[in-house]
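K.L.:
Input file: upload15.txt. Contents: compact mmCIF, C-alpha atoms.
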```txt
# COMPACT_ATOMS: atom_id res chain seq x y z
CA MET A 28 0.00 0.00 0.00
CA ARG A 29 1.58 3.29 -1.07
CA LEU A 30 0.35 6.28 0.90
CA ASP A 31 1.20 9.95 0.62
CA HIS A 32 3.00 12.03 3.23
CA ARG A 33 -0.15 12.84 5.21
CA PHE A 34 0.19 11.41 8.68
CA PHE A 35 -0.40 12.04 12.33
CA VAL A 36 1.17 10.60 15.46
CA LEU A 37 -0.74 9.34 18.49
CA ASP A 38 0.54 8.77 22.00
CA TYR A 39 -0.41 5.75 24.08
CA ASP A 40 -3.73 7.41 25.08
CA ASP A 41 -4.66 8.12 21.43
CA ARG A 42 -3.94 11.83 21.78
CA ILE A 43 -2.67 13.57 18.65
CA VAL A 44 0.90 14.66 19.41
CA HIS A 45 2.15 15.49 15.90
CA VAL A 46 0.64 16.16 12.48
CA SER A 47 2.39 16.39 9.13
CA GLU A 48 2.46 19.71 7.33
CA GLU A 49 -0.30 18.49 4.98
CA TYR A 50 -2.61 17.89 7.96
CA HIS A 51 -1.69 20.95 10.00
CA GLU A 52 -4.56 23.09 8.68
CA THR A 53 -7.25 20.48 9.42
CA MET A 54 -5.77 18.66 12.42
CA GLY A 55 -3.45 21.21 14.04
CA ARG A 56 -6.11 22.49 16.41
CA PHE A 57 -6.54 18.93 17.76
CA LEU A 58 -2.93 18.61 18.96
CA GLY A 59 -3.05 17.26 22.50
CA HIS A 60 -6.64 16.06 22.05
CA SER A 61 -7.96 12.57 21.51
CA VAL A 62 -8.01 11.41 17.88
CA TRP A 63 -11.64 10.42 18.50
CA GLU A 64 -12.53 14.13 18.78
CA TYR A 65 -11.07 14.65 15.29
CA LEU A 66 -12.65 11.48 13.87
CA PRO A 67 -16.08 11.33 15.51
CA GLY A 68 -17.61 7.86 15.39
CA ALA A 69 -14.36 6.31 14.11
CA GLU A 70 -13.25 4.60 17.29
CA LYS A 71 -15.32 1.48 16.60
CA THR A 72 -13.82 1.19 13.10
CA PHE A 73 -10.22 2.33 13.67
CA ARG A 74 -9.47 0.99 17.16
CA ALA A 75 -8.82 -2.63 16.03
CA PRO A 76 -5.95 -1.83 13.62
CA PHE A 77 -4.49 0.66 16.15
CA GLU A 78 -4.52 -2.04 18.85
CA GLU A 79 -3.06 -4.62 16.47
CA ALA A 80 -0.12 -2.32 15.67
CA ARG A 81 0.45 -1.66 19.37
CA ARG A 82 0.15 -5.34 20.31
CA THR A 83 2.31 -6.83 17.55
CA GLY A 84 4.76 -3.99 16.91
CA ARG A 85 4.39 -4.68 13.18
CA PRO A 86 3.03 -2.19 10.63
CA VAL A 87 -0.67 -2.68 10.00
CA GLU A 88 -2.36 -1.80 6.73
CA ALA A 89 -6.12 -1.65 6.37
CA THR A 90 -8.78 -0.33 4.03
CA LEU A 91 -11.80 0.82 6.02
CA PHE A 92 -15.16 2.37 5.28
CA TYR A 93 -15.55 5.62 7.23
CA ALA A 94 -17.44 8.90 6.77
CA GLY A 95 -18.89 8.01 3.39
CA GLY A 96 -15.87 6.52 1.72
CA LEU A 97 -12.93 4.13 1.70
CA VAL A 98 -9.83 5.09 3.66
CA ASP A 99 -6.44 3.40 3.42
CA LEU A 100 -4.51 3.32 6.68
CA ARG A 101 -0.95 2.34 7.46
CA ILE A 102 -0.17 2.30 11.17
CA VAL A 103 3.38 1.94 12.47
CA ARG A 104 4.31 1.66 16.14
CA SER A 105 7.36 3.47 17.43
CA GLY A 106 7.78 2.98 21.16
CA ASP A 107 4.49 4.02 22.75
CA SER A 108 3.45 6.10 19.72
CA LEU A 109 1.61 5.27 16.52
CA ARG A 110 2.28 6.95 13.19
CA VAL A 111 -0.95 6.84 11.20
CA GLU A 112 -0.77 7.45 7.45
CA GLN A 113 -4.17 7.96 5.92
CA MET A 114 -5.40 8.35 2.35
CA ARG A 115 -9.00 8.74 1.19
CA ARG A 116 -9.69 6.40 -1.75
CA THR A 117 -13.34 6.91 -2.62
CA ASN A 118 -16.17 9.18 -1.44
CA LEU A 119 -19.84 8.39 -1.74
CA ASP A 120 -22.10 10.89 -3.49
CA PHE A 121 -25.45 10.95 -1.69
CA ARG A 122 -27.19 13.44 -4.03
CA THR A 123 -29.26 10.80 -5.79
CA LEU A 124 -29.89 7.10 -5.46
CA GLY A 125 -28.08 6.60 -8.78
CA THR A 126 -24.89 8.39 -7.65
CA LEU A 127 -24.98 6.52 -4.34
CA ALA A 128 -25.36 3.15 -6.11
CA ALA A 129 -22.50 4.00 -8.50
CA GLY A 130 -20.26 4.92 -5.57
CA LEU A 131 -21.09 1.70 -3.75
CA ARG A 132 -20.26 -0.31 -6.87
CA ARG A 133 -16.92 1.52 -7.13
CA ILE A 134 -16.15 0.71 -3.49
CA GLU A 135 -17.16 -2.93 -3.97
CA GLU A 136 -14.83 -3.17 -7.01
CA GLU A 137 -11.93 -1.60 -5.09
CA LEU A 138 -12.45 -3.97 -2.18
CA ALA A 139 -12.69 -6.95 -4.53
CA ASP A 140 -9.37 -5.94 -6.13
CA ARG A 141 -7.81 -5.84 -2.67
CA ALA A 142 -9.57 -8.96 -1.33
CA PRO A 143 -6.35 -10.98 -0.88
CA GLU A 144 -4.89 -8.07 1.12
CA GLN A 145 -7.91 -7.48 3.36
CA HIS A 146 -7.34 -8.05 7.05
CA ASP A 147 -11.06 -7.96 7.85
CA PRO A 148 -13.25 -10.10 5.55
CA ARG A 149 -16.37 -8.43 7.00
CA ALA A 150 -15.59 -5.21 5.08
CA LEU A 151 -16.93 -6.41 1.73
CA ALA A 152 -19.86 -8.23 3.35
CA SER A 153 -20.88 -5.02 5.15
CA LEU A 154 -21.48 -3.32 1.79
CA ARG A 155 -23.99 -6.00 0.81
CA VAL A 156 -26.28 -4.80 3.58
CA LEU A 157 -26.88 -1.61 1.61
CA PRO A 158 -29.37 -1.63 -1.30
```
Using structure tokens, write down the structure that the file contains.

P.N.:
Amino acid sequence: MRLDHRFFVLDYDDRIVHVSEEYHETMGRFLGHSVWEYLPGAEKTFRAPFEEARRTGRPVEATLFYAGGLVDLRIVRSGDSLRVEQMRRTNLDFRTLGTLAAGLRRIEEELADRAPEQHDPRALASLRVLP
């Protein structure tokens, strides 16, 4: 998984302690605050790969569905900190049922292409719940 230079660093308590220059405008005001304040509702989705990186000490890569689109994550532990690289792959367009359906098909295709790489097989199945 090749990600860009957008990243943030979390301490052991999931507080944002550093943001890359590319994230400074959007995340800078959250320095010292919990990442869950910056990513509301994401804890349930993102916590598992964060914990895996902390537990194993190995880099963890995941493609997750969050906030209306697919997000690629690469999480690397360094001591008690996590460096989280994040790249948005696809956004859903909710303007019409047709644009929503097209976006869901695009996400399903991207996930199918990455199926051998997926850490969580429930990701693709979760899209089938939607019409």

K.L.:
Can you find the residues with an atom no farther than 10 Å from (-6.0, 15.1, 20.6), counting only C-alpha atoms, and report them as a PyMOL selection string?

P.N.:
chain A and resi 36-38+40-45+54-65

K.L.:
Can you list, as a VMD selection string, every protein, DNA or RNA residue that comes within 9 Å of Thr83 of chain A when you count all atoms listed in the file, leaving out same-chain residues fewer than 4 positions away?

P.N.:
chain A and resid 78 to 79 104

K.L.:
For atom CA of Leu109 of chain A and atom CA of Glu137 of chain A, determine how far apart the two atoms are, in Å to one decimal place.

P.N.:
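Atom CA of Glu137 of chain A lies at a distance of 26.4 Å from atom CA of Leu109 of chain A.
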
K.L.:
Closest to Met114 of chain A among A:Leu138, A:Arg132, A:Phe35, A:Pro76, using all atoms listed in the file?

P.N.:
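Smallest separation from Met114 of chain A among the options: A:Phe35.
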
K.L.:
Calculate how many Å separate atom CA of Pro67 of chain A from atom CA of Arg85 of chain A, rounding to one decimal.

P.N.:
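It comes out at 26.1 Å.
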
K.L.:
Kindly give the distance, in Å, that separates atom CA of Ala139 of chain A and atom CA of Thr126 of chain A, rounded to a single decimal.

P.N.:
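Here the two named atoms are 19.8 Å from each other.
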
K.L.:
Using all atoms listed in the file, which residue out of A:Leu119, A:Val87, A:Leu124, A:Ala80 lies closest to Leu100 of chain A?

P.N.:
A:Val87

K.L.:
Restricting the calculation to only C-alpha atoms: of A:Asp140, A:Arg81, A:Thr90, A:Arg133, which residue gets closest to Val103 of chain A?

P.N.:
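The answer is A:Arg81, which sits nearest to Val103 of chain A.
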
K.L.:
Determine, counting all atoms listed in the file, which protein, DNA and RNA residues have an atom within 6 Å of an atom of Val111 of chain A; residues of the same chain fewer than 3 positions away are not included. Present the result as a compact mmCIF listing (two decimals) with C-alpha atoms, keeping the file's coordinate frame.

P.N.:
```
# COMPACT_ATOMS: atom_id res chain seq x y z
CA PHE A 34 0.19 11.41 8.68
CA PHE A 35 -0.40 12.04 12.33
CA ARG A 101 -0.95 2.34 7.46
CA ILE A 102 -0.17 2.30 11.17
```

K.L.:
Measuring between all atoms listed in the file, which one of A:Leu91, A:Phe121, A:Pro86, A:Glu112 shows the shortest distance to Arg74 of chain A?

P.N.:
A:Leu91

K.L.:
A:Leu131, A:Phe77, A:Arg33, A:Ser47: which is nearest Phe92 of chain A, counting only C-alpha atoms?

P.N.:
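Once distances to Phe92 of chain A are computed over only C-alpha atoms, the minimum belongs to A:Leu131.
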
K.L.:
Take segment 50-94 of chain A from the block and save it with N, CA and C atoms, as a PDB file, in the first residue's frame.

P.N.:
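What follows is the written file part_3.pdb:
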```
ATOM      1  N   TYR A  50      -1.454  17.984   7.070  1.00  0.00           N
ATOM      2  CA  TYR A  50      -2.614  17.892   7.964  1.00  0.00           C
ATOM      3  C   TYR A  50      -2.713  19.050   8.944  1.00  0.00           C
ATOM      4  N   HIS A  51      -1.716  19.918   8.963  1.00  0.00           N
ATOM      5  CA  HIS A  51      -1.693  20.949   9.998  1.00  0.00           C
ATOM      6  C   HIS A  51      -2.930  21.841   9.969  1.00  0.00           C
ATOM      7  N   GLU A  52      -3.393  22.207   8.783  1.00  0.00           N
ATOM      8  CA  GLU A  52      -4.559  23.086   8.681  1.00  0.00           C
ATOM      9  C   GLU A  52      -5.822  22.434   9.247  1.00  0.00           C
ATOM     10  N   THR A  53      -6.022  21.147   8.970  1.00  0.00           N
ATOM     11  CA  THR A  53      -7.252  20.485   9.418  1.00  0.00           C
ATOM     12  C   THR A  53      -7.127  19.853  10.802  1.00  0.00           C
ATOM     13  N   MET A  54      -5.934  19.377  11.163  1.00  0.00           N
ATOM     14  CA  MET A  54      -5.773  18.658  12.424  1.00  0.00           C
ATOM     15  C   MET A  54      -4.997  19.414  13.487  1.00  0.00           C
ATOM     16  N   GLY A  55      -4.320  20.487  13.111  1.00  0.00           N
ATOM     17  CA  GLY A  55      -3.452  21.207  14.043  1.00  0.00           C
ATOM     18  C   GLY A  55      -4.151  21.629  15.322  1.00  0.00           C
ATOM     19  N   ARG A  56      -5.387  22.034  15.214  1.00  0.00           N
ATOM     20  CA  ARG A  56      -6.106  22.486  16.411  1.00  0.00           C
ATOM     21  C   ARG A  56      -6.437  21.336  17.361  1.00  0.00           C
ATOM     22  N   PHE A  57      -6.264  20.093  16.918  1.00  0.00           N
ATOM     23  CA  PHE A  57      -6.544  18.930  17.757  1.00  0.00           C
ATOM     24  C   PHE A  57      -5.298  18.389  18.458  1.00  0.00           C
ATOM     25  N   LEU A  58      -4.144  19.058  18.272  1.00  0.00           N
ATOM     26  CA  LEU A  58      -2.931  18.612  18.965  1.00  0.00           C
ATOM     27  C   LEU A  58      -3.198  18.557  20.465  1.00  0.00           C
ATOM     28  N   GLY A  59      -2.834  17.456  21.077  1.00  0.00           N
ATOM     29  CA  GLY A  59      -3.053  17.264  22.504  1.00  0.00           C
ATOM     30  C   GLY A  59      -4.425  16.701  22.847  1.00  0.00           C
ATOM     31  N   HIS A  60      -5.287  16.587  21.843  1.00  0.00           N
ATOM     32  CA  HIS A  60      -6.637  16.055  22.051  1.00  0.00           C
ATOM     33  C   HIS A  60      -6.723  14.626  21.520  1.00  0.00           C
ATOM     34  N   SER A  61      -7.727  13.933  21.969  1.00  0.00           N
ATOM     35  CA  SER A  61      -7.958  12.566  21.507  1.00  0.00           C
ATOM     36  C   SER A  61      -8.272  12.552  20.009  1.00  0.00           C
ATOM     37  N   VAL A  62      -7.728  11.563  19.308  1.00  0.00           N
ATOM     38  CA  VAL A  62      -8.013  11.414  17.879  1.00  0.00           C
ATOM     39  C   VAL A  62      -9.507  11.212  17.651  1.00  0.00           C
ATOM     40  N   TRP A  63     -10.206  10.687  18.651  1.00  0.00           N
ATOM     41  CA  TRP A  63     -11.637  10.417  18.503  1.00  0.00           C
ATOM     42  C   TRP A  63     -12.445  11.708  18.463  1.00  0.00           C
ATOM     43  N   GLU A  64     -11.874  12.830  18.941  1.00  0.00           N
ATOM     44  CA  GLU A  64     -12.528  14.134  18.777  1.00  0.00           C
ATOM     45  C   GLU A  64     -12.425  14.578  17.319  1.00  0.00           C
ATOM     46  N   TYR A  65     -11.285  14.281  16.695  1.00  0.00           N
ATOM     47  CA  TYR A  65     -11.074  14.654  15.291  1.00  0.00           C
ATOM     48  C   TYR A  65     -11.844  13.741  14.342  1.00  0.00           C
ATOM     49  N   LEU A  66     -11.964  12.473  14.705  1.00  0.00           N
ATOM     50  CA  LEU A  66     -12.649  11.483  13.867  1.00  0.00           C
ATOM     51  C   LEU A  66     -13.873  10.950  14.611  1.00  0.00           C
ATOM     52  N   PRO A  67     -14.915  11.769  14.737  1.00  0.00           N
ATOM     53  CA  PRO A  67     -16.078  11.326  15.514  1.00  0.00           C
ATOM     54  C   PRO A  67     -16.699  10.054  14.931  1.00  0.00           C
ATOM     55  N   GLY A  68     -17.001   9.118  15.807  1.00  0.00           N
ATOM     56  CA  GLY A  68     -17.609   7.860  15.392  1.00  0.00           C
ATOM     57  C   GLY A  68     -16.633   6.853  14.822  1.00  0.00           C
ATOM     58  N   ALA A  69     -15.351   7.196  14.739  1.00  0.00           N
ATOM     59  CA  ALA A  69     -14.363   6.311  14.107  1.00  0.00           C
ATOM     60  C   ALA A  69     -13.766   5.292  15.051  1.00  0.00           C
ATOM     61  N   GLU A  70     -13.929   5.484  16.342  1.00  0.00           N
ATOM     62  CA  GLU A  70     -13.254   4.600  17.291  1.00  0.00           C
ATOM     63  C   GLU A  70     -13.613   3.136  17.059  1.00  0.00           C
ATOM     64  N   LYS A  71     -14.889   2.864  16.820  1.00  0.00           N
ATOM     65  CA  LYS A  71     -15.324   1.480  16.603  1.00  0.00           C
ATOM     66  C   LYS A  71     -14.649   0.867  15.369  1.00  0.00           C
ATOM     67  N   THR A  72     -14.414   1.666  14.353  1.00  0.00           N
ATOM     68  CA  THR A  72     -13.817   1.188  13.104  1.00  0.00           C
ATOM     69  C   THR A  72     -12.291   1.145  13.165  1.00  0.00           C
ATOM     70  N   PHE A  73     -11.673   2.188  13.723  1.00  0.00           N
ATOM     71  CA  PHE A  73     -10.221   2.328  13.667  1.00  0.00           C
ATOM     72  C   PHE A  73      -9.490   1.683  14.845  1.00  0.00           C
ATOM     73  N   ARG A  74     -10.168   1.472  15.967  1.00  0.00           N
ATOM     74  CA  ARG A  74      -9.474   0.989  17.160  1.00  0.00           C
ATOM     75  C   ARG A  74      -8.772  -0.358  16.918  1.00  0.00           C
ATOM     76  N   ALA A  75      -9.413  -1.302  16.216  1.00  0.00           N
ATOM     77  CA  ALA A  75      -8.820  -2.631  16.027  1.00  0.00           C
ATOM     78  C   ALA A  75      -7.453  -2.573  15.340  1.00  0.00           C
ATOM     79  N   PRO A  76      -7.291  -1.866  14.210  1.00  0.00           N
ATOM     80  CA  PRO A  76      -5.948  -1.827  13.620  1.00  0.00           C
ATOM     81  C   PRO A  76      -4.943  -1.064  14.491  1.00  0.00           C
ATOM     82  N   PHE A  77      -5.392  -0.042  15.233  1.00  0.00           N
ATOM     83  CA  PHE A  77      -4.493   0.658  16.149  1.00  0.00           C
ATOM     84  C   PHE A  77      -3.988  -0.319  17.212  1.00  0.00           C
ATOM     85  N   GLU A  78      -4.904  -1.080  17.797  1.00  0.00           N
ATOM     86  CA  GLU A  78      -4.521  -2.036  18.847  1.00  0.00           C
ATOM     87  C   GLU A  78      -3.630  -3.137  18.303  1.00  0.00           C
ATOM     88  N   GLU A  79      -3.907  -3.584  17.071  1.00  0.00           N
ATOM     89  CA  GLU A  79      -3.064  -4.621  16.467  1.00  0.00           C
ATOM     90  C   GLU A  79      -1.627  -4.124  16.308  1.00  0.00           C
ATOM     91  N   ALA A  80      -1.459  -2.890  15.838  1.00  0.00           N
ATOM     92  CA  ALA A  80      -0.115  -2.322  15.671  1.00  0.00           C
ATOM     93  C   ALA A  80       0.590  -2.201  17.023  1.00  0.00           C
ATOM     94  N   ARG A  81      -0.144  -1.775  18.031  1.00  0.00           N
ATOM     95  CA  ARG A  81       0.452  -1.664  19.373  1.00  0.00           C
ATOM     96  C   ARG A  81       0.833  -3.041  19.922  1.00  0.00           C
ATOM     97  N   ARG A  82      -0.050  -4.006  19.743  1.00  0.00           N
ATOM     98  CA  ARG A  82       0.148  -5.335  20.310  1.00  0.00           C
ATOM     99  C   ARG A  82       1.300  -6.083  19.624  1.00  0.00           C
ATOM    100  N   THR A  83       1.334  -6.030  18.289  1.00  0.00           N
ATOM    101  CA  THR A  83       2.310  -6.827  17.549  1.00  0.00           C
ATOM    102  C   THR A  83       3.618  -6.093  17.284  1.00  0.00           C
ATOM    103  N   GLY A  84       3.567  -4.757  17.257  1.00  0.00           N
ATOM    104  CA  GLY A  84       4.760  -3.991  16.914  1.00  0.00           C
ATOM    105  C   GLY A  84       5.056  -3.978  15.425  1.00  0.00           C
ATOM    106  N   ARG A  85       4.212  -4.641  14.644  1.00  0.00           N
ATOM    107  CA  ARG A  85       4.393  -4.683  13.184  1.00  0.00           C
ATOM    108  C   ARG A  85       3.516  -3.625  12.526  1.00  0.00           C
ATOM    109  N   PRO A  86       3.908  -3.116  11.361  1.00  0.00           N
ATOM    110  CA  PRO A  86       3.033  -2.194  10.631  1.00  0.00           C
ATOM    111  C   PRO A  86       1.722  -2.888  10.263  1.00  0.00           C
ATOM    112  N   VAL A  87       0.647  -2.155  10.336  1.00  0.00           N
ATOM    113  CA  VAL A  87      -0.670  -2.679  10.000  1.00  0.00           C
ATOM    114  C   VAL A  87      -1.235  -1.825   8.874  1.00  0.00           C
ATOM    115  N   GLU A  88      -1.711  -2.488   7.837  1.00  0.00           N
ATOM    116  CA  GLU A  88      -2.362  -1.799   6.726  1.00  0.00           C
ATOM    117  C   GLU A  88      -3.801  -2.261   6.657  1.00  0.00           C
ATOM    118  N   ALA A  89      -4.706  -1.313   6.430  1.00  0.00           N
ATOM    119  CA  ALA A  89      -6.125  -1.648   6.372  1.00  0.00           C
ATOM    120  C   ALA A  89      -6.837  -0.675   5.448  1.00  0.00           C
ATOM    121  N   THR A  90      -7.871  -1.163   4.806  1.00  0.00           N
ATOM    122  CA  THR A  90      -8.782  -0.334   4.035  1.00  0.00           C
ATOM    123  C   THR A  90     -10.113  -0.399   4.757  1.00  0.00           C
ATOM    124  N   LEU A  91     -10.589   0.757   5.194  1.00  0.00           N
ATOM    125  CA  LEU A  91     -11.796   0.821   6.017  1.00  0.00           C
ATOM    126  C   LEU A  91     -12.822   1.747   5.390  1.00  0.00           C
ATOM    127  N   PHE A  92     -14.072   1.487   5.700  1.00  0.00           N
ATOM    128  CA  PHE A  92     -15.155   2.369   5.280  1.00  0.00           C
ATOM    129  C   PHE A  92     -15.452   3.316   6.428  1.00  0.00           C
ATOM    130  N   TYR A  93     -15.303   4.623   6.193  1.00  0.00           N
ATOM    131  CA  TYR A  93     -15.553   5.625   7.235  1.00  0.00           C
ATOM    132  C   TYR A  93     -15.989   6.931   6.583  1.00  0.00           C
ATOM    133  N   ALA A  94     -16.973   7.565   7.179  1.00  0.00           N
ATOM    134  CA  ALA A  94     -17.437   8.898   6.766  1.00  0.00           C
ATOM    135  C   ALA A  94     -17.743   8.968   5.267  1.00  0.00           C
TER     136      ALA A  94
END
```
